[in-house]
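Enquirer: The structure file model-v7.cif (mmCIF, N, CA and C atoms) is provided below.
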```cif
data_model
#
loop_
_atom_site.label_atom_id
_atom_site.label_comp_id
_atom_site.auth_asym_id
_atom_site.auth_seq_id
_atom_site.Cartn_x
_atom_site.Cartn_y
_atom_site.Cartn_z
N MET A 243 3.31 18.73 11.26
CA MET A 243 2.48 17.72 10.62
C MET A 243 1.87 16.81 11.70
N PRO A 244 0.68 16.31 11.45
CA PRO A 244 -0.02 15.51 12.46
C PRO A 244 0.53 14.09 12.59
N THR A 245 0.19 13.48 13.69
CA THR A 245 0.45 12.06 13.93
C THR A 245 -0.89 11.34 13.83
N ARG A 246 -0.92 10.22 13.14
CA ARG A 246 -2.15 9.42 13.01
C ARG A 246 -2.03 8.17 13.87
N THR A 247 -3.16 7.70 14.39
CA THR A 247 -3.15 6.58 15.32
C THR A 247 -4.12 5.49 14.88
N SER A 248 -3.68 4.27 15.09
CA SER A 248 -4.51 3.09 14.93
C SER A 248 -4.22 2.19 16.12
N GLN A 249 -5.19 1.37 16.49
CA GLN A 249 -4.93 0.45 17.60
C GLN A 249 -5.57 -0.89 17.30
N THR A 250 -4.99 -1.93 17.88
CA THR A 250 -5.49 -3.29 17.70
C THR A 250 -5.71 -3.93 19.05
N THR A 251 -6.83 -4.61 19.20
CA THR A 251 -7.07 -5.47 20.35
C THR A 251 -7.03 -6.91 19.84
N TRP A 252 -6.43 -7.79 20.64
CA TRP A 252 -6.23 -9.18 20.24
C TRP A 252 -6.57 -10.09 21.40
N LYS A 253 -7.21 -11.22 21.10
CA LYS A 253 -7.51 -12.22 22.12
C LYS A 253 -7.13 -13.59 21.56
N GLY A 254 -6.41 -14.36 22.38
CA GLY A 254 -6.09 -15.73 22.00
C GLY A 254 -4.72 -15.87 21.37
N SER A 255 -4.43 -17.11 21.00
CA SER A 255 -3.13 -17.43 20.41
C SER A 255 -3.09 -16.96 18.96
N LEU A 256 -1.91 -17.03 18.36
CA LEU A 256 -1.76 -16.65 16.96
C LEU A 256 -2.65 -17.51 16.07
N GLU A 257 -2.61 -18.80 16.29
CA GLU A 257 -3.31 -19.73 15.42
C GLU A 257 -4.83 -19.71 15.60
N GLU A 258 -5.30 -19.44 16.81
CA GLU A 258 -6.72 -19.52 17.08
C GLU A 258 -7.34 -18.18 17.44
N GLY A 259 -6.53 -17.20 17.71
CA GLY A 259 -7.03 -15.91 18.16
C GLY A 259 -7.50 -15.03 17.01
N SER A 260 -7.98 -13.88 17.40
CA SER A 260 -8.40 -12.89 16.43
C SER A 260 -8.40 -11.53 17.11
N GLY A 261 -8.58 -10.52 16.30
CA GLY A 261 -8.59 -9.17 16.86
C GLY A 261 -9.34 -8.21 15.99
N GLN A 262 -9.26 -6.97 16.39
CA GLN A 262 -9.85 -5.89 15.62
C GLN A 262 -8.87 -4.73 15.59
N VAL A 263 -8.70 -4.17 14.40
CA VAL A 263 -7.87 -2.99 14.23
C VAL A 263 -8.81 -1.81 14.00
N GLU A 264 -8.55 -0.76 14.75
CA GLU A 264 -9.38 0.44 14.68
C GLU A 264 -8.57 1.57 14.05
N LEU A 265 -9.14 2.23 13.08
CA LEU A 265 -8.53 3.43 12.52
C LEU A 265 -8.96 4.58 13.41
N SER A 266 -8.17 4.82 14.44
CA SER A 266 -8.56 5.70 15.53
C SER A 266 -8.62 7.17 15.14
N SER A 267 -7.65 7.66 14.40
CA SER A 267 -7.62 9.08 14.08
C SER A 267 -8.78 9.49 13.19
N SER A 268 -9.04 8.72 12.16
CA SER A 268 -10.10 9.08 11.22
C SER A 268 -11.47 8.61 11.66
N LYS A 269 -11.48 7.65 12.56
CA LYS A 269 -12.73 7.01 12.97
C LYS A 269 -13.46 6.40 11.77
N ALA A 270 -12.68 5.98 10.76
CA ALA A 270 -13.26 5.43 9.53
C ALA A 270 -13.79 4.02 9.72
N GLY A 271 -13.35 3.34 10.76
CA GLY A 271 -13.90 2.03 10.98
C GLY A 271 -13.03 1.15 11.84
N THR A 272 -13.61 0.02 12.19
CA THR A 272 -12.92 -1.03 12.93
C THR A 272 -13.05 -2.29 12.11
N PHE A 273 -11.94 -3.02 11.95
CA PHE A 273 -11.90 -4.15 11.03
C PHE A 273 -11.33 -5.38 11.72
N ASP A 274 -11.91 -6.53 11.43
CA ASP A 274 -11.45 -7.79 12.00
C ASP A 274 -10.12 -8.21 11.39
N VAL A 275 -9.25 -8.82 12.22
CA VAL A 275 -7.98 -9.39 11.78
C VAL A 275 -7.84 -10.79 12.37
N SER A 276 -7.17 -11.67 11.61
CA SER A 276 -6.98 -13.05 12.04
C SER A 276 -5.77 -13.60 11.30
N PHE A 277 -4.87 -14.28 12.01
CA PHE A 277 -3.71 -14.83 11.32
C PHE A 277 -4.08 -15.92 10.32
N PRO A 278 -4.96 -16.87 10.65
CA PRO A 278 -5.30 -17.88 9.64
C PRO A 278 -5.86 -17.26 8.35
N LYS A 279 -6.67 -16.21 8.48
CA LYS A 279 -7.20 -15.56 7.28
C LYS A 279 -6.13 -14.70 6.61
N ARG A 280 -5.21 -14.17 7.40
CA ARG A 280 -4.09 -13.40 6.85
C ARG A 280 -3.24 -14.28 5.96
N ALA A 281 -3.05 -15.53 6.35
CA ALA A 281 -2.19 -16.45 5.62
C ALA A 281 -2.93 -17.22 4.53
N ALA A 282 -4.26 -17.06 4.44
CA ALA A 282 -5.06 -17.78 3.45
C ALA A 282 -5.17 -16.99 2.14
N ASP A 283 -5.51 -17.69 1.07
CA ASP A 283 -5.71 -17.02 -0.22
C ASP A 283 -6.92 -16.09 -0.19
N GLU A 284 -7.96 -16.48 0.51
CA GLU A 284 -9.17 -15.65 0.62
C GLU A 284 -9.20 -15.00 2.00
N ALA A 285 -9.44 -13.71 2.03
CA ALA A 285 -9.43 -12.97 3.29
C ALA A 285 -10.68 -13.20 4.13
N GLY A 286 -11.76 -13.63 3.52
CA GLY A 286 -12.96 -13.96 4.27
C GLY A 286 -13.52 -12.83 5.13
N GLY A 287 -13.48 -11.61 4.62
CA GLY A 287 -14.07 -10.49 5.35
C GLY A 287 -13.18 -9.85 6.40
N THR A 288 -11.93 -10.32 6.51
CA THR A 288 -11.00 -9.70 7.46
C THR A 288 -9.93 -8.93 6.69
N THR A 289 -9.32 -8.00 7.36
CA THR A 289 -8.19 -7.29 6.75
C THR A 289 -6.91 -7.87 7.31
N SER A 290 -5.79 -7.32 6.89
CA SER A 290 -4.48 -7.78 7.35
C SER A 290 -3.52 -6.60 7.32
N PRO A 291 -2.39 -6.74 8.00
CA PRO A 291 -1.39 -5.69 7.91
C PRO A 291 -0.98 -5.42 6.47
N GLU A 292 -0.92 -6.49 5.65
CA GLU A 292 -0.50 -6.31 4.26
C GLU A 292 -1.52 -5.50 3.47
N GLU A 293 -2.80 -5.75 3.72
CA GLU A 293 -3.84 -4.97 3.02
C GLU A 293 -3.80 -3.51 3.47
N LEU A 294 -3.59 -3.29 4.76
CA LEU A 294 -3.50 -1.92 5.26
C LEU A 294 -2.27 -1.21 4.72
N ILE A 295 -1.16 -1.92 4.59
CA ILE A 295 0.04 -1.34 3.97
C ILE A 295 -0.23 -1.03 2.51
N ALA A 296 -0.93 -1.94 1.81
CA ALA A 296 -1.27 -1.70 0.41
C ALA A 296 -2.13 -0.44 0.27
N ALA A 297 -3.08 -0.26 1.16
CA ALA A 297 -3.93 0.94 1.12
C ALA A 297 -3.09 2.20 1.35
N ALA A 298 -2.22 2.14 2.34
CA ALA A 298 -1.36 3.29 2.64
C ALA A 298 -0.43 3.59 1.47
N HIS A 299 0.14 2.54 0.88
CA HIS A 299 1.10 2.76 -0.19
C HIS A 299 0.43 3.27 -1.46
N SER A 300 -0.70 2.69 -1.84
CA SER A 300 -1.36 3.14 -3.07
C SER A 300 -1.83 4.58 -2.95
N SER A 301 -2.35 4.97 -1.80
CA SER A 301 -2.83 6.35 -1.64
C SER A 301 -1.67 7.34 -1.56
N CYS A 302 -0.61 6.97 -0.86
CA CYS A 302 0.56 7.85 -0.76
C CYS A 302 1.20 8.05 -2.13
N PHE A 303 1.35 6.93 -2.86
CA PHE A 303 1.93 7.00 -4.20
C PHE A 303 1.08 7.90 -5.10
N ALA A 304 -0.24 7.73 -5.07
CA ALA A 304 -1.12 8.54 -5.92
C ALA A 304 -0.96 10.02 -5.63
N MET A 305 -0.84 10.38 -4.36
CA MET A 305 -0.65 11.79 -3.99
C MET A 305 0.69 12.31 -4.51
N GLN A 306 1.76 11.54 -4.28
CA GLN A 306 3.09 11.98 -4.72
C GLN A 306 3.16 12.06 -6.25
N PHE A 307 2.60 11.08 -6.93
CA PHE A 307 2.59 11.04 -8.39
C PHE A 307 1.84 12.25 -8.94
N SER A 308 0.68 12.56 -8.36
CA SER A 308 -0.09 13.72 -8.84
C SER A 308 0.68 15.02 -8.61
N ALA A 309 1.39 15.11 -7.49
CA ALA A 309 2.20 16.31 -7.22
C ALA A 309 3.31 16.46 -8.26
N LEU A 310 3.98 15.37 -8.57
CA LEU A 310 5.07 15.42 -9.56
C LEU A 310 4.54 15.74 -10.95
N LEU A 311 3.43 15.13 -11.34
CA LEU A 311 2.83 15.43 -12.64
C LEU A 311 2.38 16.88 -12.72
N GLY A 312 1.75 17.36 -11.64
CA GLY A 312 1.33 18.76 -11.60
C GLY A 312 2.49 19.71 -11.74
N GLY A 313 3.62 19.35 -11.14
CA GLY A 313 4.82 20.16 -11.26
C GLY A 313 5.37 20.23 -12.67
N GLU A 314 5.01 19.24 -13.48
CA GLU A 314 5.42 19.21 -14.89
C GLU A 314 4.39 19.89 -15.78
N GLY A 315 3.32 20.41 -15.19
CA GLY A 315 2.27 21.08 -15.95
C GLY A 315 1.21 20.15 -16.52
N ALA A 316 1.18 18.93 -16.07
CA ALA A 316 0.20 17.97 -16.57
C ALA A 316 -1.18 18.23 -15.98
N THR A 317 -2.19 17.83 -16.71
CA THR A 317 -3.56 17.80 -16.22
C THR A 317 -3.88 16.35 -15.91
N ILE A 318 -4.25 16.09 -14.66
CA ILE A 318 -4.54 14.72 -14.23
C ILE A 318 -6.05 14.54 -14.27
N ASN A 319 -6.53 13.80 -15.25
CA ASN A 319 -7.95 13.52 -15.36
C ASN A 319 -8.35 12.37 -14.44
N ALA A 320 -7.47 11.38 -14.33
CA ALA A 320 -7.74 10.24 -13.45
C ALA A 320 -6.46 9.44 -13.26
N LEU A 321 -6.25 8.95 -12.06
CA LEU A 321 -5.17 8.01 -11.76
C LEU A 321 -5.79 6.82 -11.05
N ASN A 322 -5.37 5.65 -11.43
CA ASN A 322 -5.80 4.41 -10.78
C ASN A 322 -4.55 3.72 -10.28
N VAL A 323 -4.46 3.56 -8.98
CA VAL A 323 -3.27 2.97 -8.37
C VAL A 323 -3.71 1.83 -7.45
N SER A 324 -3.11 0.67 -7.65
CA SER A 324 -3.30 -0.42 -6.69
C SER A 324 -1.92 -0.87 -6.24
N ALA A 325 -1.88 -1.43 -5.06
CA ALA A 325 -0.63 -1.97 -4.52
C ALA A 325 -0.89 -3.41 -4.10
N ASP A 326 -0.03 -4.30 -4.56
CA ASP A 326 -0.09 -5.71 -4.18
C ASP A 326 1.06 -5.96 -3.22
N VAL A 327 0.76 -6.27 -1.98
CA VAL A 327 1.76 -6.51 -0.95
C VAL A 327 1.76 -8.00 -0.62
N SER A 328 2.90 -8.64 -0.79
CA SER A 328 3.00 -10.09 -0.58
C SER A 328 3.70 -10.42 0.73
N LEU A 329 3.18 -11.43 1.40
CA LEU A 329 3.73 -11.96 2.64
C LEU A 329 4.27 -13.35 2.35
N GLY A 330 5.44 -13.66 2.89
CA GLY A 330 6.01 -14.99 2.68
C GLY A 330 6.92 -15.37 3.83
N PRO A 331 7.38 -16.62 3.80
CA PRO A 331 8.26 -17.08 4.87
C PRO A 331 9.63 -16.41 4.80
N GLU A 332 10.22 -16.28 5.97
CA GLU A 332 11.56 -15.70 6.07
C GLU A 332 12.55 -16.82 6.38
N ASP A 333 13.73 -16.75 5.78
CA ASP A 333 14.76 -17.72 6.11
C ASP A 333 15.01 -17.71 7.61
N GLY A 334 15.07 -18.86 8.22
CA GLY A 334 15.28 -18.94 9.66
C GLY A 334 14.00 -18.91 10.46
N GLY A 335 12.84 -18.82 9.80
CA GLY A 335 11.57 -18.82 10.50
C GLY A 335 10.88 -17.48 10.48
N GLY A 336 9.63 -17.51 10.70
CA GLY A 336 8.84 -16.29 10.69
C GLY A 336 8.41 -15.88 9.29
N PHE A 337 7.93 -14.65 9.18
CA PHE A 337 7.41 -14.14 7.92
C PHE A 337 7.99 -12.77 7.64
N LYS A 338 7.90 -12.37 6.37
CA LYS A 338 8.33 -11.03 5.98
C LYS A 338 7.53 -10.59 4.76
N LEU A 339 7.55 -9.31 4.48
CA LEU A 339 6.99 -8.82 3.23
C LEU A 339 7.97 -9.19 2.13
N THR A 340 7.49 -9.90 1.12
CA THR A 340 8.38 -10.39 0.07
C THR A 340 8.40 -9.51 -1.16
N GLY A 341 7.49 -8.57 -1.25
CA GLY A 341 7.49 -7.66 -2.38
C GLY A 341 6.23 -6.84 -2.45
N ILE A 342 6.35 -5.73 -3.15
CA ILE A 342 5.22 -4.83 -3.39
C ILE A 342 5.23 -4.47 -4.86
N VAL A 343 4.07 -4.56 -5.50
CA VAL A 343 3.93 -4.12 -6.89
C VAL A 343 2.92 -2.98 -6.91
N LEU A 344 3.36 -1.83 -7.39
CA LEU A 344 2.46 -0.70 -7.61
C LEU A 344 1.99 -0.76 -9.07
N ASN A 345 0.69 -0.83 -9.27
CA ASN A 345 0.08 -0.89 -10.60
C ASN A 345 -0.59 0.46 -10.85
N VAL A 346 -0.17 1.13 -11.92
CA VAL A 346 -0.62 2.50 -12.15
C VAL A 346 -1.12 2.66 -13.58
N SER A 347 -2.30 3.24 -13.70
CA SER A 347 -2.83 3.62 -15.00
C SER A 347 -3.60 4.92 -14.81
N GLY A 348 -4.03 5.49 -15.91
CA GLY A 348 -4.80 6.71 -15.78
C GLY A 348 -4.89 7.48 -17.07
N ASP A 349 -5.37 8.68 -16.93
CA ASP A 349 -5.59 9.60 -18.04
C ASP A 349 -4.94 10.92 -17.67
N VAL A 350 -3.83 11.21 -18.34
CA VAL A 350 -3.06 12.41 -18.05
C VAL A 350 -2.82 13.16 -19.35
N ASP A 351 -3.09 14.46 -19.35
CA ASP A 351 -2.87 15.30 -20.53
C ASP A 351 -1.76 16.31 -20.24
N GLY A 352 -1.15 16.82 -21.31
CA GLY A 352 -0.20 17.91 -21.20
C GLY A 352 1.25 17.51 -21.12
N VAL A 353 1.55 16.23 -20.97
CA VAL A 353 2.92 15.73 -20.99
C VAL A 353 2.93 14.41 -21.76
N ASP A 354 4.11 14.07 -22.31
CA ASP A 354 4.19 12.83 -23.07
C ASP A 354 4.32 11.62 -22.14
N LYS A 355 4.15 10.44 -22.73
CA LYS A 355 4.16 9.19 -21.97
C LYS A 355 5.46 9.01 -21.20
N ASP A 356 6.59 9.37 -21.80
CA ASP A 356 7.87 9.22 -21.11
C ASP A 356 7.93 10.05 -19.84
N ALA A 357 7.38 11.26 -19.88
CA ALA A 357 7.37 12.12 -18.69
C ALA A 357 6.46 11.53 -17.61
N VAL A 358 5.36 10.91 -18.02
CA VAL A 358 4.45 10.28 -17.05
C VAL A 358 5.15 9.11 -16.37
N VAL A 359 5.81 8.27 -17.17
CA VAL A 359 6.50 7.10 -16.62
C VAL A 359 7.65 7.54 -15.71
N GLN A 360 8.38 8.58 -16.12
CA GLN A 360 9.48 9.08 -15.29
C GLN A 360 8.94 9.62 -13.96
N ALA A 361 7.81 10.33 -13.99
CA ALA A 361 7.21 10.84 -12.75
C ALA A 361 6.75 9.67 -11.87
N ALA A 362 6.24 8.61 -12.48
CA ALA A 362 5.81 7.44 -11.71
C ALA A 362 7.01 6.79 -11.01
N GLU A 363 8.11 6.66 -11.72
CA GLU A 363 9.32 6.08 -11.12
C GLU A 363 9.82 6.95 -9.97
N GLU A 364 9.78 8.27 -10.16
CA GLU A 364 10.21 9.17 -9.09
C GLU A 364 9.27 9.08 -7.89
N ALA A 365 7.96 9.00 -8.15
CA ALA A 365 6.99 8.88 -7.05
C ALA A 365 7.21 7.59 -6.28
N LYS A 366 7.56 6.52 -7.00
CA LYS A 366 7.81 5.23 -6.34
C LYS A 366 8.93 5.35 -5.31
N SER A 367 9.94 6.12 -5.61
CA SER A 367 11.07 6.22 -4.69
C SER A 367 10.96 7.37 -3.69
N THR A 368 10.04 8.30 -3.92
CA THR A 368 9.99 9.48 -3.05
C THR A 368 8.74 9.61 -2.19
N CYS A 369 7.72 8.79 -2.41
CA CYS A 369 6.56 8.92 -1.52
C CYS A 369 6.97 8.42 -0.13
N PRO A 370 6.48 9.04 0.93
CA PRO A 370 6.91 8.68 2.28
C PRO A 370 6.71 7.21 2.63
N VAL A 371 5.65 6.58 2.14
CA VAL A 371 5.44 5.17 2.46
C VAL A 371 6.48 4.31 1.75
N SER A 372 6.83 4.63 0.51
CA SER A 372 7.91 3.91 -0.18
C SER A 372 9.21 4.02 0.61
N LYS A 373 9.48 5.21 1.10
CA LYS A 373 10.70 5.40 1.89
C LYS A 373 10.67 4.54 3.14
N ALA A 374 9.52 4.48 3.80
CA ALA A 374 9.40 3.68 5.03
C ALA A 374 9.55 2.19 4.74
N LEU A 375 9.20 1.77 3.53
CA LEU A 375 9.26 0.37 3.16
C LEU A 375 10.49 0.04 2.32
N SER A 376 11.54 0.82 2.49
CA SER A 376 12.73 0.67 1.64
C SER A 376 13.40 -0.70 1.76
N GLY A 377 13.11 -1.46 2.79
CA GLY A 377 13.68 -2.79 2.94
C GLY A 377 12.94 -3.85 2.14
N VAL A 378 11.90 -3.46 1.43
CA VAL A 378 11.10 -4.39 0.64
C VAL A 378 11.28 -4.05 -0.84
N GLN A 379 11.38 -5.08 -1.68
CA GLN A 379 11.47 -4.87 -3.13
C GLN A 379 10.15 -4.25 -3.62
N ILE A 380 10.23 -3.05 -4.22
CA ILE A 380 9.05 -2.37 -4.75
C ILE A 380 9.19 -2.30 -6.26
N SER A 381 8.19 -2.81 -6.96
CA SER A 381 8.17 -2.79 -8.42
C SER A 381 7.04 -1.88 -8.89
N LEU A 382 7.16 -1.41 -10.12
CA LEU A 382 6.18 -0.50 -10.69
C LEU A 382 5.75 -1.03 -12.06
N LYS A 383 4.43 -1.08 -12.26
CA LYS A 383 3.85 -1.41 -13.56
C LYS A 383 2.98 -0.25 -13.98
N THR A 384 3.24 0.31 -15.16
CA THR A 384 2.47 1.45 -15.64
C THR A 384 1.73 1.08 -16.92
N ASP A 385 0.59 1.71 -17.11
CA ASP A 385 -0.20 1.53 -18.31
C ASP A 385 -0.79 2.88 -18.70
N PHE A 386 -0.05 3.62 -19.52
CA PHE A 386 -0.52 4.94 -19.98
C PHE A 386 -0.47 5.00 -21.48
#
```
Would you mind giving the structure from this file in C-alpha cells?

Expert:
Amino acid sequence: MPTRTSQTTWKGSLEEGSGQVELSSSKAGTFDVSFPKRAADEAGGTTSPEELIAAAHSSCFAMQFSALLGGEGATINALNVSADVSLGPEDGGGFKLTGIVLNVSGDVDGVDKDAVVQAAEEAKSTCPVSKALSGVQISLKTDF
C-alpha cells in the first residue's frame, strides 16, 4: 500500500506566524494555516489540522461504510458524511482534540434501517482513521 505525503512551511511565532500546508502526494493544493484562525470561530479562508482530520475521517468512514453495506448486499444510492472535529484546552496546558462527531445520512436500498445503523457503528470503529484516532471520543449520528 502507498504512503501519502503532506508538508507544511511555517514562519514566525505561534501567535503571529502563519504557514502553508501542501497536499504533496495528490498535488490537490496548498492551503494557508494560522494558529489565531485555528482557534477562532471563523476560519477566515485558512484550514487547520482539525479540518484536515475531519476531511480524512469523513472520507475514510464513507469508504468503510460503503464496503460494509456492500458486503450486506445493499445498494448505496448516496451517502453524506461529515465529521466535526473539536479542539479544546488540555488539563495542564496546551490543546487536544476534545471529540469527533460523524454525521451520516443517505439513501440505501436492500437492507433494513437496523442493518444500516449497525454497519455505520462498525465502520466508526473499523475505518483506519478511526483506529488512528482511538484516543479521541468519536460519536456517531445517523439519519436513515

Enquirer: Looking at A:Ala316, A:Leu329, A:Leu310, A:Ala296, which one is nearest to Ala361 in chain A, with distances taken over all atoms listed in the file?

Expert: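 Checking each candidate against Ala361 in chain A, we get A:Leu310 as the closest.
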
Enquirer: With distances taken over only N, CA and C atoms, which residue among A:Gly335, A:Ser308, A:Val353, A:Gly341 lies nearest Gly377 in chain A?

Expert: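 Of A:Gly335, A:Ser308, A:Val353, A:Gly341, the one nearest Gly377 in chain A is A:Gly341, counting only N, CA and C atoms.
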
Enquirer: Which residue out of A:Ala325, A:Val358, A:Leu256, A:Lys338 has the minimum interatomic distance to Ile295 in chain A when only N, CA and C atoms are used?

Expert: A:Ala325

Enquirer: For a test of reading the model, state the distance in Å between atom C of Leu344 in chain A and atom N of Pro291 in chain A, rounded to one decimal.

Expert: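 One can read the atom C of Leu344 in chain A to atom N of Pro291 in chain A distance as 18.6 Å.
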
Enquirer: Just the number, please: distance in Å from CA of Asn322 in chain A to atom N of Val346 in chain A, one decimal.

Expert: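 Atom-to-atom, CA of Asn322 in chain A to atom N of Val346 in chain A, that is 6.6 Å.
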
Enquirer: Please, what distance in Å, to one decimal, runs between CA of Cys302 in chain A and CA of Asp351 in chain A?

Expert: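 Taking CA of Cys302 in chain A as the start and CA of Asp351 in chain A as the end point, the length is 21.4 Å.
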
Enquirer: Could you write out as a ChimeraX atom specification the residues that the PyMOL selection byres ((chain A and resi 378) around 6.5) matches in the shown file?

Expert: /A:339-342,375-377,379-380

Enquirer: According to DSSP computed on the backbone, where in chain A is there alpha helix (DSSP H)? Give the residues as a PyMOL selection string.

Expert: chain A and resi 277-280+291-313+355-368+370-374

Enquirer: Using only C-alpha atoms and a cutoff of 10 Å, can you tell me which residues are near (-7.3, 12.0, 14.6) in the file's coordinates, and write them out as a count of residues only?

Expert: 10

Enquirer: As a list in words, list the residues of range 250-294 of chain A assigned to strand (DSSP E) by DSSP on the backbone atoms of this structure.

Expert: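 So, restricting range 250-294 of chain A to strand (DSSP E), we get Thr250, Thr251, Trp252, Lys253, Ser260, Gly261, Gln262, Val263, Glu264, Leu265, Gly271, Thr272, Phe273, Asp274 and Val275 of chain A.
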